[in-house]
Every structure is written in structure tokens, then in C-alpha cells.
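Have a look at model_11.cif; it's mmCIF, C-alpha atoms:
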```cif
data_target
loop_
_atom_site.label_atom_id
_atom_site.label_comp_id
_atom_site.auth_asym_id
_atom_site.auth_seq_id
_atom_site.Cartn_x
_atom_site.Cartn_y
_atom_site.Cartn_z
CA MET A 1 -8.17 -12.81 -22.17
CA LYS A 2 -8.92 -15.62 -19.71
CA THR A 3 -10.29 -14.79 -16.27
CA ASN A 4 -10.47 -18.25 -14.71
CA ILE A 5 -8.08 -18.99 -11.85
CA ASN A 6 -6.82 -22.55 -12.24
CA PHE A 7 -4.26 -24.53 -10.27
CA ARG A 8 -1.51 -23.85 -12.83
CA TYR A 9 -2.02 -20.10 -12.57
CA ILE A 10 -1.93 -20.21 -8.76
CA VAL A 11 1.31 -22.21 -8.80
CA ILE A 12 2.92 -19.77 -11.22
CA SER A 13 1.79 -16.84 -9.05
CA ILE A 14 3.27 -18.44 -5.92
CA ILE A 15 6.54 -19.10 -7.76
CA VAL A 16 6.69 -15.41 -8.76
CA GLY A 17 6.16 -14.43 -5.13
CA ILE A 18 8.75 -16.88 -3.85
CA GLY A 19 11.27 -15.80 -6.49
CA GLY A 20 10.97 -12.12 -5.59
CA THR A 21 10.98 -12.90 -1.88
CA PHE A 22 14.15 -14.98 -2.24
CA TYR A 23 15.82 -12.11 -4.09
CA ILE A 24 14.95 -9.69 -1.27
CA PHE A 25 15.99 -12.04 1.53
CA LYS A 26 18.84 -13.85 -0.26
CA ASP A 27 21.50 -12.57 2.18
CA LEU A 28 19.48 -13.90 5.09
CA LEU A 29 18.45 -17.20 3.52
CA LEU A 30 21.96 -17.98 2.30
CA SER A 31 23.57 -17.09 5.63
CA ASP A 32 25.29 -19.92 7.49
CA ALA A 33 24.04 -18.41 10.74
CA TRP A 34 20.35 -18.25 9.74
CA PRO A 35 18.36 -16.88 11.39
CA VAL A 36 20.18 -13.59 11.95
CA TRP A 37 18.99 -9.99 11.93
CA TRP A 38 18.18 -8.70 8.45
CA ALA A 39 18.21 -4.94 7.77
CA GLY A 40 18.11 -4.60 11.54
CA ASN A 41 19.39 -1.05 11.92
CA PHE A 42 15.97 0.54 12.39
CA ASP A 43 12.80 -1.00 13.87
CA ALA A 44 13.70 -4.69 13.67
CA ARG A 45 14.01 -5.38 17.40
CA PHE A 46 10.95 -3.32 18.23
CA ILE A 47 8.86 -5.19 15.64
CA TYR A 48 10.24 -8.46 16.98
CA TRP A 49 9.05 -7.48 20.45
CA ILE A 50 5.58 -6.45 19.17
CA LEU A 51 5.10 -9.79 17.42
CA ASN A 52 6.19 -11.72 20.51
CA TRP A 53 3.95 -9.59 22.71
CA GLY A 54 1.01 -10.41 20.45
CA TYR A 55 1.82 -14.12 20.57
CA HIS A 56 2.15 -14.04 24.35
CA ILE A 57 -1.03 -12.11 25.10
CA LEU A 58 -3.28 -13.66 22.42
CA TYR A 59 -2.12 -17.29 22.37
CA GLU A 60 -0.19 -18.07 25.54
CA SER A 61 -2.22 -15.96 28.00
CA ARG A 62 -5.48 -15.91 26.00
CA MET A 63 -6.09 -12.35 27.26
CA MET A 64 -7.28 -10.71 24.06
CA THR A 65 -8.72 -7.67 25.84
CA GLU A 66 -5.23 -6.84 27.15
CA PHE A 67 -3.60 -6.79 23.70
CA TRP A 68 -3.23 -3.00 23.60
CA ASN A 69 -1.98 -2.74 27.20
CA ALA A 70 1.64 -3.50 26.37
CA ASN A 71 4.43 -2.68 28.82
CA ILE A 72 5.52 0.55 27.11
CA PHE A 73 4.91 4.19 28.08
CA PHE A 74 4.14 3.18 31.68
CA PRO A 75 1.90 4.10 33.52
CA ASN A 76 -0.37 4.76 30.50
CA SER A 77 -2.54 1.91 29.27
CA GLY A 78 -3.45 0.98 25.71
CA THR A 79 -0.13 2.34 24.47
CA LEU A 80 0.49 -0.33 21.82
CA ALA A 81 -2.19 1.47 19.78
CA LEU A 82 0.31 4.31 19.27
CA SER A 83 2.46 2.01 17.16
CA ASP A 84 1.92 -0.51 14.40
CA SER A 85 0.43 -3.52 16.16
CA LEU A 86 1.02 -6.01 13.33
CA LEU A 87 -2.15 -7.65 14.60
CA SER A 88 -2.96 -9.24 11.26
CA ALA A 89 0.62 -10.54 11.01
CA GLN A 90 -0.27 -12.80 13.94
CA LEU A 91 -2.26 -14.90 11.46
CA LEU A 92 1.12 -16.18 10.25
CA PHE A 93 3.42 -15.57 13.22
CA THR A 94 1.34 -17.29 15.91
CA PRO A 95 0.91 -20.66 14.10
CA LEU A 96 4.61 -20.71 13.22
CA VAL A 97 5.76 -20.16 16.81
CA ALA A 98 3.10 -22.54 18.13
CA LEU A 99 4.57 -25.22 15.84
CA GLY A 100 7.92 -24.80 17.58
CA ILE A 101 9.70 -22.50 15.10
CA ALA A 102 12.04 -20.05 16.80
CA PRO A 103 10.45 -16.58 17.13
CA LEU A 104 13.18 -14.79 15.15
CA LYS A 105 12.87 -17.24 12.27
CA ALA A 106 9.08 -17.09 12.54
CA MET A 107 9.21 -13.30 12.18
CA TYR A 108 11.12 -13.48 8.92
CA LEU A 109 8.94 -16.30 7.63
CA THR A 110 5.95 -14.07 8.42
CA LEU A 111 7.42 -11.22 6.37
CA MET A 112 8.22 -13.62 3.54
CA GLY A 113 4.72 -15.08 3.70
CA THR A 114 3.27 -11.57 3.53
CA LEU A 115 5.12 -10.97 0.27
CA VAL A 116 4.09 -14.27 -1.31
CA ILE A 117 0.42 -13.87 -0.31
CA SER A 118 0.23 -10.27 -1.56
CA VAL A 119 1.84 -11.24 -4.88
CA LEU A 120 -0.66 -14.09 -5.25
CA LEU A 121 -3.56 -11.70 -4.62
CA THR A 122 -2.13 -9.23 -7.14
CA MET A 123 -1.83 -11.95 -9.77
CA ILE A 124 -5.43 -13.04 -9.12
CA ALA A 125 -6.68 -9.47 -9.52
CA LEU A 126 -4.72 -9.02 -12.75
CA ARG A 127 -6.24 -12.25 -14.08
CA LYS A 128 -9.75 -11.06 -13.24
CA MET A 129 -9.14 -7.81 -15.13
CA ALA A 130 -8.86 -9.85 -18.36
CA ILE A 131 -6.53 -7.27 -19.91
CA PHE A 132 -3.02 -8.63 -19.46
CA SER A 133 -1.35 -11.81 -20.67
CA LEU A 134 0.38 -14.16 -18.23
CA ILE A 135 3.82 -12.69 -19.00
CA GLU A 136 2.51 -9.14 -18.59
CA SER A 137 0.87 -10.05 -15.29
CA ILE A 138 4.09 -11.57 -13.98
CA PHE A 139 6.04 -8.46 -15.01
CA ILE A 140 3.51 -6.10 -13.42
CA ALA A 141 3.29 -8.07 -10.16
CA PHE A 142 7.04 -8.45 -9.81
CA CYS A 143 7.74 -4.78 -10.47
CA ALA A 144 4.91 -3.62 -8.21
CA HIS A 145 6.11 -5.65 -5.23
CA PHE A 146 9.87 -5.67 -5.62
CA ALA A 147 10.88 -2.42 -7.36
CA MET A 148 13.06 -0.04 -5.36
CA SER A 149 10.21 2.42 -4.91
CA ILE A 150 8.79 -0.02 -2.36
CA SER A 151 11.75 -2.21 -1.38
CA THR A 152 13.59 0.92 -0.20
CA PHE A 153 11.37 0.85 2.88
CA PHE A 154 11.81 -2.85 3.75
CA ALA A 155 14.05 -1.91 6.69
CA HIS A 156 10.80 -0.91 8.44
CA TYR A 157 9.23 -4.33 8.85
CA GLN A 158 5.73 -3.00 9.49
CA LEU A 159 5.72 -1.53 5.98
CA PHE A 160 5.54 -5.05 4.55
CA GLY A 161 1.85 -4.50 5.18
CA PHE A 162 1.86 -1.91 2.41
CA HIS A 163 2.09 -4.77 -0.09
CA PHE A 164 -1.61 -5.38 0.51
CA ALA A 165 -2.20 -1.93 -1.01
CA ILE A 166 -1.28 -3.26 -4.47
CA PRO A 167 -4.05 -5.90 -4.74
CA PHE A 168 -6.33 -3.48 -2.87
CA PHE A 169 -6.12 -0.91 -5.67
CA LEU A 170 -6.61 -3.58 -8.32
CA PHE A 171 -9.69 -5.01 -6.62
CA LEU A 172 -10.99 -1.46 -6.14
CA TYR A 173 -10.81 -1.01 -9.90
CA LEU A 174 -12.56 -4.35 -10.46
CA PHE A 175 -15.33 -3.43 -8.02
CA LEU A 176 -15.89 -0.02 -9.63
CA LYS A 177 -16.20 -1.75 -13.01
CA ASP A 178 -18.71 -4.45 -12.05
CA PHE A 179 -19.87 -3.73 -8.46
CA LYS A 180 -19.61 -7.42 -7.60
CA LYS A 181 -20.14 -8.17 -3.92
CA SER A 182 -17.24 -10.65 -3.94
CA TYR A 183 -14.83 -7.89 -5.01
CA LEU A 184 -16.19 -5.60 -2.30
CA ILE A 185 -15.67 -8.24 0.39
CA ILE A 186 -12.07 -8.85 -0.79
CA LEU A 187 -11.56 -5.09 -0.89
CA CYS A 188 -12.75 -4.65 2.69
CA LEU A 189 -10.69 -7.61 3.89
CA LEU A 190 -7.53 -6.18 2.35
CA PHE A 191 -8.23 -2.78 3.91
CA VAL A 192 -8.73 -4.29 7.37
CA ILE A 193 -5.76 -6.67 7.13
CA GLY A 194 -3.46 -3.96 5.78
CA THR A 195 -4.48 -1.42 8.41
CA ALA A 196 -4.09 -3.98 11.20
CA TYR A 197 -0.57 -4.63 9.88
CA ALA A 198 0.54 -1.01 9.35
CA THR A 199 -1.79 1.50 10.99
CA TYR A 200 -0.98 4.44 8.70
CA LEU A 201 -2.04 2.41 5.68
CA GLY A 202 -5.71 2.89 6.57
CA PRO A 203 -6.00 6.68 6.17
CA MET A 204 -3.56 6.60 3.26
CA LEU A 205 -5.66 4.08 1.34
CA LEU A 206 -8.83 5.95 2.17
CA VAL A 207 -7.74 9.35 0.88
CA VAL A 208 -6.11 7.96 -2.27
CA SER A 209 -9.10 5.70 -3.03
CA ILE A 210 -11.50 8.65 -2.96
CA PHE A 211 -9.61 10.45 -5.71
CA ILE A 212 -8.74 7.51 -7.95
CA SER A 213 -12.36 6.31 -7.95
CA ILE A 214 -13.63 9.54 -9.48
CA PRO A 215 -12.53 8.98 -13.13
CA VAL A 216 -13.80 5.37 -13.18
CA LEU A 217 -17.15 6.35 -11.66
CA TYR A 218 -17.47 9.21 -14.12
CA ILE A 219 -16.92 6.94 -17.12
CA ARG A 220 -19.31 4.36 -15.69
CA SER A 221 -21.94 7.07 -15.23
CA THR A 222 -21.64 8.05 -18.90
CA GLU A 223 -22.16 4.40 -19.86
CA ILE A 224 -25.09 3.39 -17.65
CA GLY A 225 -26.29 6.67 -16.12
CA ILE A 226 -25.98 8.04 -12.61
CA LYS A 227 -29.25 6.49 -11.43
CA GLU A 228 -28.20 2.99 -12.44
CA LEU A 229 -24.74 3.58 -10.96
CA VAL A 230 -26.24 4.47 -7.58
CA HIS A 231 -28.61 1.49 -7.83
CA LYS A 232 -25.69 -0.93 -8.30
CA PHE A 233 -24.27 0.05 -4.91
CA ASP A 234 -27.25 -1.31 -3.02
CA ILE A 235 -28.12 -1.67 0.65
CA PHE A 236 -26.33 -5.01 0.90
CA SER A 237 -23.11 -3.43 -0.39
CA LEU A 238 -23.46 -0.65 2.16
CA LEU A 239 -24.04 -3.23 4.88
CA ILE A 240 -20.80 -5.03 3.94
CA VAL A 241 -18.85 -1.78 4.26
CA ILE A 242 -20.49 -0.93 7.60
CA VAL A 243 -19.71 -4.37 9.06
CA PHE A 244 -16.03 -4.27 8.11
CA ALA A 245 -15.74 -0.60 9.14
CA GLY A 246 -17.25 -1.46 12.51
CA ILE A 247 -14.83 -4.33 13.07
CA LEU A 248 -11.86 -2.15 12.14
CA PHE A 249 -13.07 0.71 14.31
CA PHE A 250 -13.63 -1.25 17.51
CA VAL A 251 -10.59 -3.51 17.13
CA GLN A 252 -7.98 -1.10 15.76
CA LEU A 253 -9.10 2.54 15.62
CA LYS A 254 -10.98 3.01 18.90
CA PRO A 255 -7.94 2.07 21.06
CA TYR A 256 -5.84 4.54 19.06
CA LEU A 257 -8.34 7.39 19.39
CA GLU A 258 -8.51 6.83 23.14
CA ILE A 259 -4.75 6.84 23.73
CA SER A 260 -3.86 9.51 21.18
CA GLN A 261 -5.51 12.16 23.34
CA GLN A 262 -2.71 11.72 25.87
CA PHE A 263 0.12 12.29 23.40
CA SER A 264 0.92 15.04 20.91
CA LYS A 265 0.56 14.54 17.18
CA PRO A 266 3.44 15.09 14.72
CA SER A 267 4.08 18.76 14.05
CA LEU A 268 3.97 20.23 10.56
CA GLU A 269 7.72 20.72 10.75
CA GLU A 270 8.30 17.04 11.54
CA GLN A 271 5.97 15.97 8.75
CA SER A 272 7.79 18.26 6.34
CA ILE A 273 11.17 16.74 7.22
CA PHE A 274 9.93 13.31 6.13
CA SER A 275 8.03 14.58 3.10
CA ALA A 276 9.27 14.02 -0.42
CA ASN A 277 10.83 16.60 -2.68
CA SER A 278 9.92 17.32 -6.27
CA THR A 279 13.04 15.35 -7.21
CA SER A 280 12.40 12.29 -5.01
CA LEU A 281 11.21 10.26 -8.00
CA PHE A 282 14.65 10.65 -9.57
CA ASN A 283 16.76 10.10 -6.46
CA GLY A 284 18.64 6.82 -6.69
CA ILE A 285 20.19 7.15 -3.25
CA SER A 286 18.72 4.12 -1.53
CA PRO A 287 20.44 1.51 0.68
CA TYR A 288 18.88 -1.08 -1.65
CA SER A 289 20.21 0.50 -4.82
CA TYR A 290 23.20 -0.91 -6.69
CA TRP A 291 24.42 2.69 -7.02
CA TYR A 292 24.30 3.37 -3.28
CA THR A 293 27.46 4.17 -1.34
CA ASN A 294 27.83 5.19 2.29
CA GLU A 295 29.29 8.51 1.22
CA GLN A 296 25.97 9.40 -0.38
CA GLU A 297 23.95 8.95 2.76
CA ALA A 298 22.12 11.86 4.34
CA TRP A 299 20.10 11.11 7.45
CA GLY A 300 16.52 10.31 6.54
CA PHE A 301 17.07 11.13 2.87
CA TRP A 302 16.19 7.67 1.58
CA GLU A 303 13.05 7.67 3.73
CA TYR A 304 11.30 9.77 1.08
CA ALA A 305 13.14 8.74 -2.08
CA TYR A 306 11.02 6.54 -4.32
CA PHE A 307 13.27 6.09 -7.34
CA PRO A 308 11.98 2.90 -9.05
CA GLY A 309 15.13 2.20 -11.04
CA TYR A 310 16.23 3.46 -14.44
CA ALA A 311 14.39 0.80 -16.46
CA LEU A 312 10.99 1.24 -14.78
CA LEU A 313 11.33 5.02 -14.70
CA THR A 314 12.06 5.08 -18.45
CA LEU A 315 9.13 2.75 -19.19
CA GLY A 316 6.81 4.81 -17.01
CA LEU A 317 7.75 8.14 -18.56
CA GLY A 318 7.49 6.57 -22.02
CA ALA A 319 3.97 5.30 -21.24
CA ILE A 320 2.94 8.76 -20.06
CA PHE A 321 4.32 10.29 -23.26
CA LEU A 322 2.40 7.82 -25.44
CA PHE A 323 -0.78 8.43 -23.45
CA VAL A 324 -0.47 12.19 -23.93
CA ILE A 325 0.00 11.65 -27.67
CA SER A 326 -3.06 9.37 -27.72
CA ILE A 327 -5.17 11.96 -25.90
CA GLY A 328 -3.97 14.59 -28.36
CA ILE A 329 -5.07 12.46 -31.31
CA THR A 330 -8.45 11.88 -29.67
CA ALA A 331 -8.88 15.61 -29.03
CA TRP A 332 -8.02 16.33 -32.67
CA SER A 333 -10.62 13.83 -33.86
CA LYS A 334 -13.19 15.52 -31.63
CA LEU A 335 -12.39 18.94 -33.10
CA PHE A 336 -12.32 17.61 -36.64
CA PRO A 337 -14.58 14.53 -36.55
CA PRO A 338 -14.83 12.17 -39.51
CA LYS A 339 -18.04 11.92 -41.47
CA SER A 340 -19.11 8.86 -39.50
CA LYS A 341 -20.71 9.45 -36.13
CA PRO A 342 -18.10 9.53 -33.34
CA GLY A 343 -18.48 6.80 -30.77
CA ASN A 344 -18.10 6.73 -27.02
CA ILE A 345 -14.66 7.52 -25.61
CA THR A 346 -14.31 3.88 -24.57
CA ASP A 347 -14.73 2.81 -28.20
CA ASN A 348 -11.40 4.37 -29.17
CA HIS A 349 -9.79 3.73 -25.79
CA PRO A 350 -11.34 0.57 -24.29
CA ASN A 351 -9.09 0.73 -21.22
CA ILE A 352 -9.20 4.49 -20.74
CA ASP A 353 -10.74 4.07 -17.29
CA LEU A 354 -7.79 1.93 -16.16
CA VAL A 355 -5.31 4.45 -17.58
CA LEU A 356 -7.06 7.31 -15.78
CA PHE A 357 -7.31 5.20 -12.61
CA ALA A 358 -3.57 4.50 -12.63
CA GLY A 359 -2.68 8.03 -13.71
CA THR A 360 -4.73 9.53 -10.90
CA LEU A 361 -3.10 7.12 -8.44
CA ILE A 362 0.35 8.34 -9.50
CA ALA A 363 -0.61 12.02 -9.44
CA VAL A 364 -2.40 11.89 -6.06
CA SER A 365 0.37 9.84 -4.44
CA LEU A 366 2.99 12.21 -5.81
CA VAL A 367 1.28 15.35 -4.49
CA LEU A 368 0.44 13.86 -1.08
CA SER A 369 4.03 12.63 -0.67
CA TRP A 370 5.14 16.27 -0.67
CA GLY A 371 3.57 16.71 2.75
CA PRO A 372 1.81 19.70 4.32
CA TYR A 373 3.72 22.46 2.56
CA ILE A 374 6.53 23.17 0.12
CA LYS A 375 9.77 22.83 2.06
CA SER A 376 11.32 25.99 0.70
CA TYR A 377 8.08 27.96 1.06
CA PRO A 378 6.27 26.95 4.28
CA GLN A 379 3.57 29.51 3.64
CA ILE A 380 2.39 27.56 0.58
CA ARG A 381 0.07 24.84 1.91
CA LEU A 382 -0.36 21.63 -0.07
CA PRO A 383 -3.38 19.27 -0.30
CA PHE A 384 -2.02 17.01 2.47
CA TYR A 385 -2.41 19.89 4.94
CA TYR A 386 -6.09 20.43 4.18
CA LEU A 387 -7.00 16.76 3.74
CA SER A 388 -5.44 15.92 7.12
CA LYS A 389 -8.15 18.06 8.70
CA LEU A 390 -10.86 16.02 6.98
CA ILE A 391 -9.60 12.41 6.85
CA LEU A 392 -9.44 10.64 10.21
CA GLY A 393 -5.86 9.61 11.05
CA LEU A 394 -4.15 11.44 8.21
CA ASP A 395 -2.80 14.12 10.56
CA THR A 396 -0.98 11.45 12.61
CA ILE A 397 1.21 10.36 9.68
CA ARG A 398 4.76 11.45 10.47
CA THR A 399 6.21 10.43 7.10
CA PRO A 400 4.04 11.61 4.18
CA GLY A 401 6.86 10.65 1.83
CA ARG A 402 5.66 7.05 2.09
CA PHE A 403 2.79 7.87 -0.23
CA GLY A 404 5.52 7.32 -2.82
CA MET A 405 5.27 3.59 -2.12
CA PHE A 406 2.01 3.61 -4.10
CA PHE A 407 3.86 4.44 -7.34
#
```
The structure given in the file should be rewritten as C-alpha cells.
Amino acid sequence: MKTNINFRYIVISIIVGIGGTFYIFKDLLLSDAWPVWWAGNFDARFIYWILNWGYHILYESRMMTEFWNANIFFPNSGTLALSDSLLSAQLLFTPLVALGIAPLKAMYLTLMGTLVISVLLTMIALRKMAIFSLIESIFIAFCAHFAMSISTFFAHYQLFGFHFAIPFFLFLYLFLKDFKKSYLIILCLLFVIGTAYATYLGPMLLVVSIFISIPVLYIRSTEIGIKELVHKFDIFSLLIVIVFAGILFFVQLKPYLEISQQFSKPSLEEQSIFSANSTSLFNGISPYSYWYTNEQEAWGFWEYAYFPGYALLTLGLGAIFLFVISIGITAWSKLFPPKSKPGNITDNHPNIDLVLFAGTLIAVSLVLSWGPYIKSYPQIRLPFYYLSKLILGLDTIRTPGRFGMFF
């Protein structure tokens, strides 16, 4: 497969992003009264205020040190850090408003631009993997960014930042395969940009990345040895991580840690309310589903439902079934090997690391989406409960069900 990124491929990728974005925003774009509020029953006006506050304090007043001191929760200072600042969204919003575009229209153009850019990055990562054809890449990118498992949450505008998680995971896989510095820099940039867009994304990406890296690193260690594996992640790579971590800490995390001491964190009961159920994968009750009716609505229910649609769910379950069969055949050949010397596991399954990477991503996201404990049995603690005591910021996540967006 080709890995070069030419102009034609970039244009096709942008068209895919624009096509999916138009489908999501078609009611808004085709409205005679554009711009009007879109899916504005939840956080829309609050996000609109945050974006305008950022534009005012960063561009109009040029008082960058006062960014976190928004006029909420008076008389406390630094209170914007308690919410999603959408700081990285200012990279699109501020130039648009500065050019004279109305703030409301600029907000929606920012959200649309976020989708198109994230799709483009996903397509680039898929190209670099040299596994999928152009048609397969288009299908994967479109489903990853516009399936109901993620579009269900579009009513919360800050969660558009979660679209950066998709190319993040792909570039994480690419980095673990080759340890190229360029992939690491892109990886760190996506982490910083995504976290500065939606604060909860940071700890969520961190905890999931730890687990999904294990199978790839294990396979790499069997191929080149642990010593060589450690050598590939050299001092310069560590320096890149430290620099980006430092920027993120002082710009985004430090203000939050300072103000969070003055307010209580979400209780286990609150986290459990917005945690997924074992059946959330099969729940089609979403305001963005063709099968949705108002009579089906239960307050907050769709907040943790990540039904991807019948077609994608069938394909996904079918792929899992075929993978299990493949593993069974491999195990049989190990127990009863042919006369010829058996090769490395990657000889029979050249993309086994990618399969394990994706499979671990699904499994970890599924378990973490269930929250701190089983709803019917509060005494049974789940991994989210214990990990929240170890991973900085994980205990502040009020809605663990949103781990389902990583499906």
C-alpha cells in the first residue's frame, strides 16, 4: 500500500470531512435563518459565552494571564478552569470573528472546521499505516467520526474535541510501531489540542493509552528485544514528551488544580448515574437515531448510550467472531504444528498488533464506561474506581459513560 500523502489524497480527505460535516449540520446549513441555534438544548449558550470570553480576553483585551478569571462563580478567581475552556478552539474562532464573521456563525464554523481537520488527520494516519486502500480509509474515517456512537454527544459542543482522539490513537499505533519522532510530536500535539478543547479528554486518553500500548509493545519486544525497544525511546523522545507535558500542565492543568481545591469533586453516586450499562452498546435510543421518538426518552439515558447503528454493530461483532476463529486456528496449529518450523506470530497474522491494539481499545473503553461500580451492586468496585485514584484528573470525570465515544 502507498504511504505518500499527495495533493489528490488531501483533497479527497477534505471532501470526506466536508461531506460528513454537511450531513451532521444539514438542518443548520439549509436553514433560511442561518445562523440559528443547533442542538441548543444543553450547553450551547454556555459554550458560546466561553468562546466569546476567550476572544475578548485573548484578542480584544490582550490579557492572556486573565483568561481563567472569567466572570463566573464570583468571588472566586480562575473559575473557567472548572469547565471546558475550548482554548484550542480559539485557533479557529478568533480569526473568524476578527475577520468580521458574526460570533454565532463563527462558533458553528469552528465546530465544522474541527470535524474536517480531525477527519483529515485520521485519513493521513490511515495512509501512513499502509494497510488500508483508499476506499477502506474513507469508510473507516467516516464511520469513526460520524457514527451514532460519537454523534450522539454532539449536543455538547465541547465534545467535538473528542474527534482528535481518533487520529491520536492511530498516530499512537504508528509511533509504537516505528518510534519516529515526527509521530511522537503529532501525538503530543493532538493530546494538548484535544485536552485544551475538552478537559476530560486528557485523563481519558492517558488511561486508555497505557492499556492499549501494552500488546503492541509486547509484540515489538518479541521482534527486536526489550533492550532495543527501550533504546528506541531515547532521551530526545523523552524531552519531547516533557516539553509538551510542561506546556499542558502550566497552561491548562495548573489552573484547574488550584481552583479544584475550592470545590467538591463528583461523588461516586453521580458518576454512577452517568455511567454506561452492560446494554448501552445495544441501546438505539438516541436523539440522533432514526428510531428515536420522544416517548422513548428517559432523562440522561442517551448520555451513556453508544449504539453505533445496526450496520456497524453487525460488522463489528462479525469481525470479532472471525478474529476468535482465527485465534482458534492459530492455537490449534501451535498444539499440532506442521512438520515445518513454525514462524513468528506476525508471520501468520501480519497485522495482529493492530487487531490487539483495537481490541484492547474496545475492551478498556467498554469497562471504563461502566463507571466506579456496578449500578445494581454498588459494593462491587470496577477498574474506573481504582484507576481514578492513580490517574490525575480521572476522579473529576462526572460522566464515565463517555468512554463509549472511543468505540
Under the PyMOL selection byres ((chain A and resi 3-6) around 8), which residues of this model are included? Write them out as a PDB file with C-alpha atoms, in the coordinates of the input.
```
ATOM      1  CA  MET A   1      -8.170 -12.810 -22.170  1.00  0.00           C
ATOM      2  CA  LYS A   2      -8.920 -15.620 -19.710  1.00  0.00           C
ATOM      3  CA  PHE A   7      -4.260 -24.530 -10.270  1.00  0.00           C
ATOM      4  CA  ARG A   8      -1.510 -23.850 -12.830  1.00  0.00           C
ATOM      5  CA  TYR A   9      -2.020 -20.100 -12.570  1.00  0.00           C
ATOM      6  CA  ILE A  10      -1.930 -20.210  -8.760  1.00  0.00           C
ATOM      7  CA  ILE A 124      -5.430 -13.040  -9.120  1.00  0.00           C
ATOM      8  CA  ARG A 127      -6.240 -12.250 -14.080  1.00  0.00           C
ATOM      9  CA  LYS A 128      -9.750 -11.060 -13.240  1.00  0.00           C
ATOM     10  CA  MET A 129      -9.140  -7.810 -15.130  1.00  0.00           C
ATOM     11  CA  ALA A 130      -8.860  -9.850 -18.360  1.00  0.00           C
TER      12      ALA A 130
END
```
Open item on the list: Residue by residue, what does the PyMOL selection byres ((chain A and resi 273) around 12) grab here? Present the result as a PyMOL selection string.
Closed with: chain A and resi 266-272+274-277+299-304+369-376+378+398-401
Open item on the list: Nearest residue to Phe403 of chain A out of A:Leu281, A:Ile18, A:Leu315, A:Ile57, using all atoms listed in the file?
Closed with: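 That would be A:Leu281, the residue with the smallest distance to Phe403 of chain A.
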TODO: Given the file shown, determine the residues that the PyMOL selection byres ((chain A and resi 138) around 10) selects; report them as an MDAnalysis selection string.
DONE: chainID A and resid 12:13 16:17 119 122:123 126 132:137 139:144
Task: Using all atoms listed in the file: which of A:Leu368, A:Gly246, A:Leu86, A:Thr114 has the shortest distance to Leu382 of chain A - done: A:Leu368
- [ ] Identify which of the residues A:Tyr59, A:Asn41, A:Trp49, A:Phe25 lies closest to Gly113 of chain A, counting all atoms listed in the file when measuring atom-to-atom distances.
- [x]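 Closest candidate: A:Phe25.
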Open item on the list: So the first atom is atom CA of Phe211 of chain A and the second is atom CA of Asp234 of chain A; what is the distance between them in Å, to one decimal place?
Closed with: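 Rounded to one decimal, the two atoms are 21.4 Å apart.
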- [ ] Record the distance separating atom CA of Phe191 of chain A and atom CA of Phe168 of chain A, expressed in Å with one decimal.
- [x] 7.1 Å
TODO: Would you work out the distance separating atom CA of Ile15 of chain A from atom CA of Leu109 of chain A, expressed in Å to one decimal?
DONE: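 Calculated distance between atom CA of Ile15 of chain A and atom CA of Leu109 of chain A is 15.8 Å.
Minimum atom-to-atom distances from A:Pro103, A:Pro308, A:Gly194, A:Gly78 to Ser118 of chain A were compared using all atoms listed in the file, and the lowest value belongs to A:Gly194.
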TODO: Using all atoms listed in the file, determine which residues lie at most 12 Å from Ile320 of chain A, disregarding the query and same-chain residues fewer than 5 positions distant; provide the list as a list in words.
DONE: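 Returned residues: Leu313, Thr314, Leu315, Ile325, Ser326, Ile327, Val355, Leu356, Ala358, Gly359, Thr360, Ile362 and Ala363 of chain A.
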Can you patch up segment 26-39 of chain A, filling it in to N, CA and C atoms, and show the result as a JSON list (two decimals), in the coordinates of the input?
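The new file part20.json reads:
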```json
[["chain", "number", "residue", "atom", "x", "y", "z"],
["A", 26, "LYS", "N", 17.79, -12.88, 0.10],
["A", 26, "LYS", "CA", 18.84, -13.85, -0.26],
["A", 26, "LYS", "C", 20.00, -13.84, 0.73],
["A", 27, "ASP", "N", 20.38, -12.64, 1.23],
["A", 27, "ASP", "CA", 21.50, -12.57, 2.18],
["A", 27, "ASP", "C", 21.16, -13.29, 3.48],
["A", 28, "LEU", "N", 19.90, -13.22, 3.87],
["A", 28, "LEU", "CA", 19.48, -13.90, 5.09],
["A", 28, "LEU", "C", 19.35, -15.40, 4.87],
["A", 29, "LEU", "N", 18.71, -15.78, 3.78],
["A", 29, "LEU", "CA", 18.45, -17.20, 3.52],
["A", 29, "LEU", "C", 19.73, -17.98, 3.24],
["A", 30, "LEU", "N", 20.71, -17.31, 2.64],
["A", 30, "LEU", "CA", 21.96, -17.98, 2.30],
["A", 30, "LEU", "C", 23.01, -17.86, 3.40],
["A", 31, "SER", "N", 22.63, -17.26, 4.52],
["A", 31, "SER", "CA", 23.57, -17.09, 5.63],
["A", 31, "SER", "C", 23.76, -18.40, 6.37],
["A", 32, "ASP", "N", 25.00, -18.70, 6.73],
["A", 32, "ASP", "CA", 25.29, -19.92, 7.49],
["A", 32, "ASP", "C", 24.74, -19.84, 8.91],
["A", 33, "ALA", "N", 24.50, -18.60, 9.37],
["A", 33, "ALA", "CA", 24.04, -18.41, 10.74],
["A", 33, "ALA", "C", 22.54, -18.18, 10.82],
["A", 34, "TRP", "N", 21.80, -18.49, 9.75],
["A", 34, "TRP", "CA", 20.35, -18.25, 9.74],
["A", 34, "TRP", "C", 19.69, -18.92, 10.95],
["A", 35, "PRO", "N", 18.79, -18.25, 11.68],
["A", 35, "PRO", "CA", 18.36, -16.88, 11.39],
["A", 35, "PRO", "C", 19.21, -15.82, 12.08],
["A", 36, "VAL", "N", 19.48, -14.75, 11.39],
["A", 36, "VAL", "CA", 20.18, -13.59, 11.95],
["A", 36, "VAL", "C", 19.35, -12.36, 11.64],
["A", 37, "TRP", "N", 19.72, -11.23, 12.21],
["A", 37, "TRP", "CA", 18.99, -9.99, 11.93],
["A", 37, "TRP", "C", 19.21, -9.56, 10.49],
["A", 38, "TRP", "N", 18.14, -9.18, 9.85],
["A", 38, "TRP", "CA", 18.18, -8.70, 8.45],
["A", 38, "TRP", "C", 17.71, -7.26, 8.41],
["A", 39, "ALA", "N", 18.54, -6.37, 7.82],
["A", 39, "ALA", "CA", 18.21, -4.94, 7.77],
["A", 39, "ALA", "C", 17.75, -4.47, 9.14]]
```
